[in-house]
Amino acid sequence: MNITRRTFTAGALAVPLAATTLAACGNGGGGGSGDAASARGPITIWLSNNEQEVAWGKAMVEAWNTDHPDEKITAQEIPAGQSSEEAITAAITAGTTPDLIFNISTAAAPGWAKQGGLVDLSTIEDGASYIEERTGADVAKGYADADGKYYLLPWKSNPVMIMFNKDLFTKAGLDPENPGMNSFDSFLEGARKIVDSGAAPAAI
């Protein structure tokens with residue numbers, strides 16, 4: 001079996017699950033955006049529990065706390081659970097959320113907002129413009145909800161790696177060196193072609 005790897009950025013595929021984000025969560029749930037906009041002082045954050053981000057988070061917290069002794073950050077990894085999403089949902093229900101959570105699933109965010117667990121960052125002065133200027137307006141809009149509200153602050157993008165079987169592509173009538181599956185629509189079209197041709201029972 002020949003396997004070829006191609007790497008894309010999240011923006012090139014327009015697949016939001018490739019992007020990692022920073023979510024603002026109001027302590028105690030309820031989305032208390034007014035209080036969050038004016039609050040000052042120490043905060044708590046949850047970090048993604050992978051080795052690199054924990055190391056980065058500890059260094060970031062140490063640097064911040066050195067320069068801001070009156071607004072210190074306390075950090076910990078996202079609590080253990082079957083998934084990060086499960087742990088965060090449970091914390092919102094229990095009213096035990098931190099102030100910020102790094103590296104969450106964008107797909108889970110609408111449910112958390114509906115649950116009252118996220119602060120609308122658009123209600124903070126210059127919140128929306130900051131996100132759009134920092135991220136780029138077109139990219140930022142992908143993180144807004146249907147009403148244009150921002151519950152997420154994009155802070156990095158991970159590359160998405162797609163591995164495909166050249167033999168199956170050839171069998172399906174796709175050029176394995178240039179399958180032309182470089183947009184969301186053409187990716188789905190190619191995937192359907194693989195299935196419809198009988199080359200494989202599933203394509204993704």
# chains A, B, ... in the order shown; residues from 1 in each chain; ligands from 1
>>> residues_around(residues="Ala172 in chain A", least_positions_apart="5", cutoff="12 Å", atoms="only C-alpha atoms", output="ChimeraX atom specification")
/A:165-167,179,189-201,203
>>> write_last_selection(atoms="C-alpha atoms", output="PDB file, in the first residue's frame")
ATOM      1  CA  ASN A 165      -3.867   5.495  -0.245  1.00  0.00           C
ATOM      2  CA  LYS A 166      -2.539   6.038  -3.768  1.00  0.00           C
ATOM      3  CA  ASP A 167      -3.731   2.622  -4.941  1.00  0.00           C
ATOM      4  CA  PRO A 179      -6.390  14.545  -6.976  1.00  0.00           C
ATOM      5  CA  GLU A 189     -16.653  15.254  -4.293  1.00  0.00           C
ATOM      6  CA  GLY A 190     -13.482  13.147  -4.369  1.00  0.00           C
ATOM      7  CA  ALA A 191     -14.555  11.225  -1.281  1.00  0.00           C
ATOM      8  CA  ARG A 192     -17.923  10.426  -2.870  1.00  0.00           C
ATOM      9  CA  LYS A 193     -16.158   9.306  -6.044  1.00  0.00           C
ATOM     10  CA  ILE A 194     -14.059   6.830  -4.044  1.00  0.00           C
ATOM     11  CA  VAL A 195     -17.175   5.304  -2.497  1.00  0.00           C
ATOM     12  CA  ASP A 196     -19.318   5.407  -5.654  1.00  0.00           C
ATOM     13  CA  SER A 197     -16.566   3.713  -7.676  1.00  0.00           C
ATOM     14  CA  GLY A 198     -16.430   0.807  -5.244  1.00  0.00           C
ATOM     15  CA  ALA A 199     -12.748   1.439  -4.533  1.00  0.00           C
ATOM     16  CA  ALA A 200     -13.510   1.548  -0.793  1.00  0.00           C
ATOM     17  CA  PRO A 201     -16.644   1.289   1.378  1.00  0.00           C
ATOM     18  CA  ALA A 203     -13.538   7.463   2.120  1.00  0.00           C
TER      19      ALA A 203
END
>>> atom_distance(atom1="CA of Glu53 in chain A", atom2="CA of Gly136 in chain A")
23.9 Å
>>> residues_around(residues="range 109-111 of chain A", least_positions_apart="4", cutoff="10 Å", atoms="only C-alpha atoms", output="list in words")
Thr21, Ala23, Glu85, Thr89, Ile104, Ser105, Gln115, Gly116, Gly117, Leu118, Tyr143, Ala144, Asp145, Ala146, Tyr151 and Leu152 of chain A
>>> residues_around(residues="Ala80 in chain A", least_positions_apart="6", cutoff="12 Å", atoms="only C-alpha atoms", output="number ranges by chain")
A: 46-49, 86-88, 90-91
>>> write_last_selection(atoms="all heavy atoms", output="tab-separated table (two decimals), in the first residue's frame")
chain	number	residue	atom	x	y	z
A	46	TRP	N	-7.17	26.70	32.77
A	46	TRP	CA	-6.93	25.29	32.50
A	46	TRP	C	-6.15	25.18	31.21
A	46	TRP	O	-6.47	25.84	30.22
A	46	TRP	CB	-8.24	24.52	32.37
A	46	TRP	CG	-8.94	24.27	33.67
A	46	TRP	CD1	-8.49	24.57	34.92
A	46	TRP	CD2	-10.22	23.66	33.84
A	46	TRP	NE1	-9.42	24.19	35.86
A	46	TRP	CE2	-10.49	23.62	35.22
A	46	TRP	CE3	-11.16	23.15	32.95
A	46	TRP	CZ2	-11.68	23.09	35.73
A	46	TRP	CZ3	-12.34	22.62	33.45
A	46	TRP	CH2	-12.58	22.58	34.85
A	47	LEU	N	-5.13	24.33	31.24
A	47	LEU	CA	-4.28	24.11	30.07
A	47	LEU	C	-4.59	22.76	29.46
A	47	LEU	O	-4.94	21.81	30.16
A	47	LEU	CB	-2.80	24.13	30.49
A	47	LEU	CG	-2.31	25.40	31.17
A	47	LEU	CD1	-0.94	25.16	31.79
A	47	LEU	CD2	-2.25	26.55	30.17
A	48	SER	N	-4.41	22.67	28.16
A	48	SER	CA	-4.50	21.38	27.49
A	48	SER	C	-3.47	20.44	28.09
A	48	SER	O	-2.36	20.84	28.41
A	48	SER	CB	-4.23	21.55	26.00
A	48	SER	OG	-4.14	20.31	25.36
A	49	ASN	N	-3.87	19.18	28.26
A	49	ASN	CA	-2.97	18.26	28.96
A	49	ASN	C	-2.03	17.50	28.03
A	49	ASN	O	-1.93	16.29	28.10
A	49	ASN	CB	-3.77	17.29	29.84
A	49	ASN	CG	-4.94	16.69	29.10
A	49	ASN	OD1	-5.02	16.79	27.88
A	49	ASN	ND2	-5.85	16.08	29.83
A	86	GLU	N	-16.06	16.55	28.18
A	86	GLU	CA	-16.85	16.04	29.30
A	86	GLU	C	-16.49	16.76	30.59
A	86	GLU	O	-17.37	17.15	31.37
A	86	GLU	CB	-16.62	14.54	29.46
A	86	GLU	CG	-17.38	13.91	30.61
A	86	GLU	CD	-16.98	12.46	30.84
A	86	GLU	OE1	-15.85	12.25	31.35
A	86	GLU	OE2	-17.76	11.56	30.52
A	87	ALA	N	-15.19	16.96	30.82
A	87	ALA	CA	-14.74	17.63	32.04
A	87	ALA	C	-15.21	19.07	32.08
A	87	ALA	O	-15.64	19.57	33.14
A	87	ALA	CB	-13.21	17.56	32.12
A	88	ILE	N	-15.17	19.76	30.95
A	88	ILE	CA	-15.59	21.16	30.91
A	88	ILE	C	-17.10	21.27	31.10
A	88	ILE	O	-17.59	22.14	31.84
A	88	ILE	CB	-15.15	21.81	29.58
A	88	ILE	CG1	-13.61	21.89	29.54
A	88	ILE	CG2	-15.75	23.20	29.42
A	88	ILE	CD1	-13.04	22.20	28.17
A	90	ALA	N	-19.03	19.23	32.70
A	90	ALA	CA	-19.31	18.93	34.10
A	90	ALA	C	-18.99	20.13	34.99
A	90	ALA	O	-19.73	20.44	35.93
A	90	ALA	CB	-18.52	17.71	34.55
A	91	ALA	N	-17.89	20.84	34.68
A	91	ALA	CA	-17.51	22.00	35.48
A	91	ALA	C	-18.52	23.14	35.32
A	91	ALA	O	-18.83	23.83	36.28
A	91	ALA	CB	-16.11	22.47	35.07
>>> select_by_dssp(residues="range 38-111 of chain A", states="strand (DSSP E or B)", output="MDAnalysis selection string")
chainID A and resid 43:47 73:77 100:104
>>> select_by_dssp(residues="range 82-172 of chain A", states="helix (DSSP H, G or I)", output="PyMOL selection string")
chain A and resi 84-94+109-114+121-123+127-135+137-141+166-171
>>> closest_residue(among="A:Ala140, A:Ile131, A:Ile78, A:Ala202", to="Leu188 in chain A", atoms="only C-alpha atoms")
A:Ala202
>>> residues_around(residues="range 126-128 of chain A", least_positions_apart="5", cutoff="8 Å", atoms="only C-alpha atoms", output="list in words")
Leu121, Lys149 and Tyr150 of chain A
>>> atom_distance(atom1="CA of Glu177 in chain A", atom2="CA of Ile204 in chain A")
18.1 Å
>>> atom_distance(atom1="CA of Lys171 in chain A", atom2="CA of Phe184 in chain A")
22.0 Å
